[in-house]
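Novice: First the structure, then my questions, so here it is.
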Amino acid sequence: MAHSQSTLRARMRDQYAMPAAAHYMQHRRRYSNLLMVAFSAYVFQNTYAGLTGGSSAAKRKAKAAAKAKGTQGQPGGAGDAAEKGAGVSGGSVGSSGPAVGGAKGRKRRGPRVEVDALFFQRLSRLLRIVLPSLRSKEASLLVLHTFFLVLRTLLSLYVAALDGSIVSALVRAQPKQFLLRILTWMAVAVPATYTNSMLNYLQSKLAIAYRTRLTKKVHEDYLDGTTFYALGNLDDRIKNADQLIVVDIQKFSTSLAEIYSNIAKPMLDIVLYNYQLSRSVGAEGLIALTVIVQASAALLKLATPPFGRYAAEEQRLEGEYRFAHTRLLEHAEEVALLRGSQTEKNLIERGYFALIKHVNRVFRMRMVYSLVEEGIVKWVWGSLGLCVCAVPVFGARLLGMGGGEGGAAGTIAGIDFGSRTEGFVTNRRLLLSASDAMGRLMSTYRDLSELSGYTARVSELLDTMDDVKAGRYQKKLVGGGSTAGRSVGKGEEVAENAKMLQGRGKIIHSDDEIIFDNVPIVTPNGDVLIKSLTFYVKPGNHLLVVGGNGTGKSSLFRILGGLWPIYGGTVTKPPASEFTYIPQRPYLSLGTLRDQIVYPHSRSQMIARGVTDLDLLGILKLLDVDSIVEREGGWDTQREWRDALSGGDKQRLAMARLFYHCPKYAILDECTSAVTLQIEQTFYERATELGITLLTVSHRPSLWKYHKFILQYLGGGDYAFGPLDWEARLALQEEKQSLEQKLAEVPVWEARLKELEGERETRERRKENI
Ligand SMILES: Nc1ncnc2c1ncn2[C@@H]1O[C@H](COP(=O)(O)OP(=O)(O)OP(=O)(O)O)[C@@H](O)[C@H]1O
């Protein structure tokens with residue numbers, strides 16, 4: 001029985017196995033090529049699946065979920081808004097607050113940061129900005145970069161072969177060939193080093209070019225009208241736009257430039273090296289490689305923490321830390337005078353340690369990830385490489401196709417030591433390069449994950465700017481609702497306010513007059529200051545606006561200046577360019593002394609208007625501040641004017657600015673608080689002469705006489721509007737003041753009366769005793 005079984009095995013081997021093996025060995029090259037094609041297809045598929053974070057089934061699922069949520073639309077569309085409402089809005093890029101509006105119970109701290117369909121959707125939008133056309137400079141740089149990437153791979157292939165032939169010449173003891181090949185090796189160094197330097201250079205150039213394109217686009221949107229104001233005041237999504245524009249765009253651009261070479265180069269390497277390898281070692285090793293790569297890719301994917309989310313979080317914390325410092329510098333004087341350094345230090349350090357805690361956590365995760373990654377890539381794949389190199393030697397022997405140990409000295413199965421060594425050295429080099437390329441491809445998942453973080457932040461900035469420009473704000477409102485959800489709290493009044501917030505007011509442009517017709521004054525937080533305000537201002541009829549603190553005097557001007565949206569009624573007004581605004585602490589720009597007066601004009605615009613420095617000096621003379629020109633060293637002196645000038649100087653420069661621009665209307669918000677009554681009088685008289693209509697907020701009775709109408713905020717949402725009889729008002733005010741003064745003396749008189757009564761009682765008691 002045992003005998004017949006072994007006979008059967010021998011017959012089977014002779015009839016099937018041996019001919020199959022012989023056939024395989026005979027057509028090995030063809031099979032290898034087939035397997036190579038399959039392997040390459042696998043590498044691409046696996047890489048794509050790895051990089052996009054899942055199988056096609058998972059992608060289909062994600063797509064279906066996105067469709068159900070309505071996120072397939074363009075950014076800013078209805079579906080997009082639903083997505084933002086669900087998670088992105090309230091606690092997004094810069095915000096640490098809770099998410100508001102939208103789907104119930106789903107709260108997320110930031111925008112979705114994953115390497116998924118949404119990431120590719122966002123990335124493609126950014127790519128269209130940084131690579132606007134195939135003829136753009138960036139596209140040319142990319143083509144050149146690709147050329148050098150290919151060149152480097154080809155050079156590496158050539159060097160691998162050269163390396164093998166040098167060792168072969170050494171083993172064969174051929175000094176002439178050896179020397180010749182060493183010289184070739186040195187000659188190859190020239191294009192090789194040039195290629196490497198060019199690759200680094202082109203990558204940096206690409207990063208800078210991407211950054212410039214994106215920054216330009218963001219500057220266009222951010223500094224378009226009042227978007228920069230709306231972004232910080234009317235919408236909650238972006239907290240530190242400065243950090244996003246200055247740091248995040250730079251990080252995104254660098255990351256994008258890196259990721260291209262980090263993905264394209266290893267992919268190209270893998271295909272070319274493995275093709276080359278399959279020609280010499282056959283495809284058997286590559287099958288083993290495929291299995292191992294599949295397993296290790298799965299392991300690495302499991303071990304990869306959400307680096308994208310961490311990168312976005314890190315940028316948010318960086319922004320908050322930086323903002324704390326910026327704030328301190330902005331209010332340095334106030335903080336120093338209040339001796340608030342310790343409190344500020346606590347605040348700044350709180351921001352810093354939150355950042356460091358996060359960064360340390362990410363470092364620890366990176367360390368663990370690198371351990372796994374290096375273990376797999378360097379050691380597992382390294383040893384696998386040696387095994388693959390052994391395939392040509394042991395493969396033939398295992399298949400019984402010769403290569404026995406008993407061959408003639410110096411040869412094994414007809415192969416001489418020289419060519420075997422040459423083959424081994426070349427294959428090993430190719431394998432190491434291929435496994436290194438595979439490793440780099442694997443680690444790009446982490447890079448891609450981080451890129452997704454920067455992509456999410458930059459996209460969020462662009463999306464928010466688009467929304468803000470279109471008047472689609474997302475802000476947490478008083479009462480817990482949001483402008484996105486458009487509902488506020490509970491209760492009748494709140495419900496009424498919510499209804500009001502759903503409305504939209506009308507703006508009509510006029511040449512001269514200002515008319516507010518039933519316009520509600522609502523803060524960006526949804527606080528209704530006045531339900532319905534009606535008043536008008538005709539040219540020349542200066543308006544005085546008075547009322548208690550926080551009643552909404554300045555808010556009126558924010559609506560007039562187009563900064564706040566209107567939720568009802570009609571505002572008729574000249575365009576914003578016909579208004580000049582002077583607050584209590586005027587804005588002084590970066591630039592020369594002249595720039596402070598002509599702001600926002602430039603010197604050339606000033607000249608084009610036919611205004612000279614002498615004219616400016618005349619204006620300053622009128623306001624008794626002309627000495628400033630000589631004192632500060634002339635019109636072209638540049639300084640941080642905010643710190644260099646006194647409060648009174650700043651206010652007088654702002655008044656000079658008004659006279660230079662000579663608009664139809666001027667909004668004066670407590671702008672004479674730091675100047676003398678004499679200057680105040682000169683200012684009002686001159687402004688009237690110039691035909692500027694003034695809208696003044698002031699508590700100073702000395703200003704009443706310049707105004708014809710008064711808008712008085714009475715508190716509790718009430719107001720009164722009508723002509724101002726300043727003399728009667730002043731008389732009333734004086735009488736009121738004198739009565740108040742008298743009333744203030746009553747307690748003193750009462751005390752004195754008590755004293756006198758006490759004295760009288762004491763005297764009477766003494767008399768009785770006598
Ligand atoms: N950007 C903003 N976002 C949200 N609320 C704001 C904003 N600016 C002002 N407010 C709120 O609007 C209300 C009115 O502010 P406003 O500056 O109009 O007051 P005001 O009458 O000018 O006060 P004061 O006389 O103290 O300057 C205040 O409760 C304030 O908190």
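By convention here, the chains of the structure tokens are called A, B, ... in the order presented, each chain's residues are numbered starting at 1, and ligands are numbered starting at 1 in the order presented.
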Each residue of chain A lying at most 6 Å from ligand 1 should get a row with its shortest atom-to-atom pair and the distance in Å to one decimal, counting only C-alpha atoms and all ligand atoms; could you produce that, ordered by chain and increasing number, as a tab-separated table?

Specialist:
```
residue	atom	partner	partner_atom_place_in_ligand_line	distance
A:Asn233	CA	ligand 1	1 (N)	4.9
A:Thr523	CA	ligand 1	5 (N)	4.8
A:Pro524	CA	ligand 1	4 (C)	4.7
A:Asn525	CA	ligand 1	4 (C)	4.9
A:Gly548	CA	ligand 1	25 (O)	6.0
A:Asn549	CA	ligand 1	26 (O)	3.6
A:Gly550	CA	ligand 1	19 (O)	3.5
A:Thr551	CA	ligand 1	21 (O)	4.0
A:Gly552	CA	ligand 1	18 (O)	3.2
A:Lys553	CA	ligand 1	21 (O)	3.8
A:Ser554	CA	ligand 1	18 (O)	3.8
A:Ser555	CA	ligand 1	18 (O)	3.6
```

Novice: Go ahead and save the picked residues with N, CA and C atoms, as a JSON list (two decimals), in the first residue's frame.

Specialist:
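The result, written out as selection08.json:
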```
[["chain", "number", "residue", "atom", "x", "y", "z"],
["A", 233, "ASN", "N", -17.16, 89.58, 13.98],
["A", 233, "ASN", "CA", -18.26, 90.11, 14.79],
["A", 233, "ASN", "C", -19.61, 89.50, 14.53],
["A", 523, "THR", "N", -28.33, 93.63, 17.88],
["A", 523, "THR", "CA", -26.89, 93.35, 17.92],
["A", 523, "THR", "C", -26.62, 92.01, 17.21],
["A", 524, "PRO", "N", -25.35, 91.75, 16.86],
["A", 524, "PRO", "CA", -25.06, 90.45, 16.20],
["A", 524, "PRO", "C", -25.41, 89.26, 17.08],
["A", 525, "ASN", "N", -25.52, 89.50, 18.40],
["A", 525, "ASN", "CA", -25.89, 88.40, 19.30],
["A", 525, "ASN", "C", -27.39, 88.15, 19.33],
["A", 548, "GLY", "N", -28.28, 106.51, 27.70],
["A", 548, "GLY", "CA", -27.41, 105.85, 28.68],
["A", 548, "GLY", "C", -26.43, 104.91, 28.01],
["A", 549, "ASN", "N", -25.46, 104.43, 28.79],
["A", 549, "ASN", "CA", -24.46, 103.50, 28.25],
["A", 549, "ASN", "C", -25.11, 102.20, 27.82],
["A", 550, "GLY", "N", -24.65, 101.70, 26.69],
["A", 550, "GLY", "CA", -25.11, 100.39, 26.20],
["A", 550, "GLY", "C", -26.52, 100.40, 25.66],
["A", 551, "THR", "N", -27.11, 101.58, 25.44],
["A", 551, "THR", "CA", -28.49, 101.61, 24.94],
["A", 551, "THR", "C", -28.55, 101.42, 23.42],
["A", 552, "GLY", "N", -27.42, 101.65, 22.73],
["A", 552, "GLY", "CA", -27.40, 101.37, 21.28],
["A", 552, "GLY", "C", -27.10, 102.58, 20.42],
["A", 553, "LYS", "N", -26.43, 103.56, 20.99],
["A", 553, "LYS", "CA", -26.13, 104.78, 20.21],
["A", 553, "LYS", "C", -25.14, 104.45, 19.08],
["A", 554, "SER", "N", -24.04, 103.80, 19.46],
["A", 554, "SER", "CA", -23.03, 103.45, 18.44],
["A", 554, "SER", "C", -23.57, 102.40, 17.48],
["A", 555, "SER", "N", -24.46, 101.54, 17.99],
["A", 555, "SER", "CA", -25.01, 100.48, 17.14],
["A", 555, "SER", "C", -25.74, 101.07, 15.94]]
```

Novice: Restrict the calculation to only C-alpha atoms, then for each residue of segment 675-728 of chain A with any atom at most 12 Å from an atom of segment 576-581 of chain A give the closest atom pair and their distance in Å to one decimal, rows by chain and rising residue number, as a Markdown table.

Specialist:
```
| residue | atom | partner | partner_atom | distance |
| --- | --- | --- | --- | --- |
| A:Ala687 | CA | A:Thr580 | CA | 12.0 |
| A:Ile692 | CA | A:Phe579 | CA | 9.5 |
| A:Thr693 | CA | A:Phe579 | CA | 9.6 |
| A:Leu694 | CA | A:Thr580 | CA | 9.8 |
| A:Leu695 | CA | A:Tyr581 | CA | 9.6 |
| A:Thr696 | CA | A:Tyr581 | CA | 10.2 |
| A:Val697 | CA | A:Tyr581 | CA | 11.4 |
```

Novice: Which is closer to Glu460 of chain A than all the others in A:Ala312, A:Ala608, A:Met365, A:Leu170, using only C-alpha atoms?

Specialist: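 Counting only C-alpha atoms, the residue closest to Glu460 of chain A is A:Ala312.
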
Novice: Tell me, as an mmCIF file with C-alpha atoms, in the first residue's frame, which residues lie within 12 Å of Ile559 of chain A, counting only C-alpha atoms; anything in the same chain fewer than 5 positions away does not count.

Specialist:
```cif
data_model
loop_
_atom_site.group_PDB
_atom_site.id
_atom_site.type_symbol
_atom_site.label_atom_id
_atom_site.label_comp_id
_atom_site.auth_asym_id
_atom_site.auth_seq_id
_atom_site.Cartn_x
_atom_site.Cartn_y
_atom_site.Cartn_z
ATOM 1 C CA GLY A 505 -34.683 95.026 5.973
ATOM 2 C CA LYS A 506 -34.419 97.139 2.856
ATOM 3 C CA ILE A 507 -31.692 99.607 1.994
ATOM 4 C CA ILE A 514 -30.973 109.594 5.907
ATOM 5 C CA PHE A 516 -34.791 105.125 9.253
ATOM 6 C CA VAL A 519 -35.870 99.668 11.607
ATOM 7 C CA PRO A 520 -35.109 97.344 14.528
ATOM 8 C CA ILE A 521 -31.706 97.816 16.178
ATOM 9 C CA VAL A 522 -30.401 94.308 16.782
ATOM 10 C CA THR A 523 -26.887 93.347 17.918
ATOM 11 C CA PRO A 524 -25.063 90.453 16.203
ATOM 12 C CA LEU A 533 -36.729 103.029 15.140
ATOM 13 C CA GLY A 552 -27.401 101.375 21.284
ATOM 14 C CA LYS A 553 -26.126 104.781 20.208
ATOM 15 C CA SER A 554 -23.026 103.455 18.439
ATOM 16 C CA TRP A 564 -24.611 95.170 10.887
ATOM 17 C CA PRO A 565 -27.441 93.615 8.912
ATOM 18 C CA ILE A 566 -30.929 95.031 9.233
ATOM 19 C CA TYR A 567 -33.786 92.732 10.037
ATOM 20 C CA GLY A 568 -36.703 94.915 9.074
ATOM 21 C CA THR A 570 -36.200 100.535 5.429
ATOM 22 C CA VAL A 571 -32.979 102.477 5.680
ATOM 23 C CA THR A 572 -32.558 105.250 3.141
ATOM 24 C CA LYS A 573 -29.041 106.608 3.078
ATOM 25 C CA ALA A 576 -20.904 104.457 2.789
#
```

Novice: Counting only C-alpha atoms, which of A:Arg213, A:His509, A:Lys742, A:Lys469 gets nearest to Tyr229 of chain A?

Specialist: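 Ranking A:Arg213, A:His509, A:Lys742, A:Lys469 by distance to Tyr229 of chain A, first place goes to A:Lys469.
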
Novice: Take atom CA of Leu231 of chain A and atom CA of Leu461 of chain A and report the distance between them in Å, one decimal.

Specialist: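 Interatomic distance here is 9.2 Å.
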
Novice: Let's see if you can do this: from backbone DSSP, list all helix (DSSP H, G or I) residues in segment 424-647 of chain A, as number ranges by chain.

Specialist: A: 424-469, 492-501, 553-560, 576-578, 593-598, 603-608, 613-622, 627-631, 641-644, 647

Novice: Would you give me, as CSV, each residue of segment 678-761 of chain A having an atom within 10 Å of an atom of segment 622-637 of chain A, along with its shortest atom pair and that distance in Å to one decimal, using only C-alpha atoms and sorting by chain and residue number?

Specialist:
```
residue,atom,partner,partner_atom,distance
A:Gln678,CA,A:Leu623,CA,9.4
A:Ile679,CA,A:Leu623,CA,6.2
A:Glu680,CA,A:Leu623,CA,9.0
A:Thr682,CA,A:Leu623,CA,7.2
A:Phe683,CA,A:Leu623,CA,7.2
A:Arg686,CA,A:Leu622,CA,9.0
```

Novice: Those selected residues, please, written with C-alpha atoms and delivered as a tab-separated table (two decimals), in the first residue's frame.

Specialist:
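The new file out_18.tsv reads:
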```tsv
chain	number	residue	atom	x	y	z
A	678	GLN	CA	-12.37	126.29	22.00
A	679	ILE	CA	-11.19	123.56	19.58
A	680	GLU	CA	-14.58	121.89	19.81
A	682	THR	CA	-13.82	125.70	15.88
A	683	PHE	CA	-14.37	122.14	14.71
A	686	ARG	CA	-15.81	124.72	10.31
```

Novice: Distance atom CA of Leu616 of chain A-atom CA of Gln584 of chain A, one decimal place?

Specialist: 21.9 Å
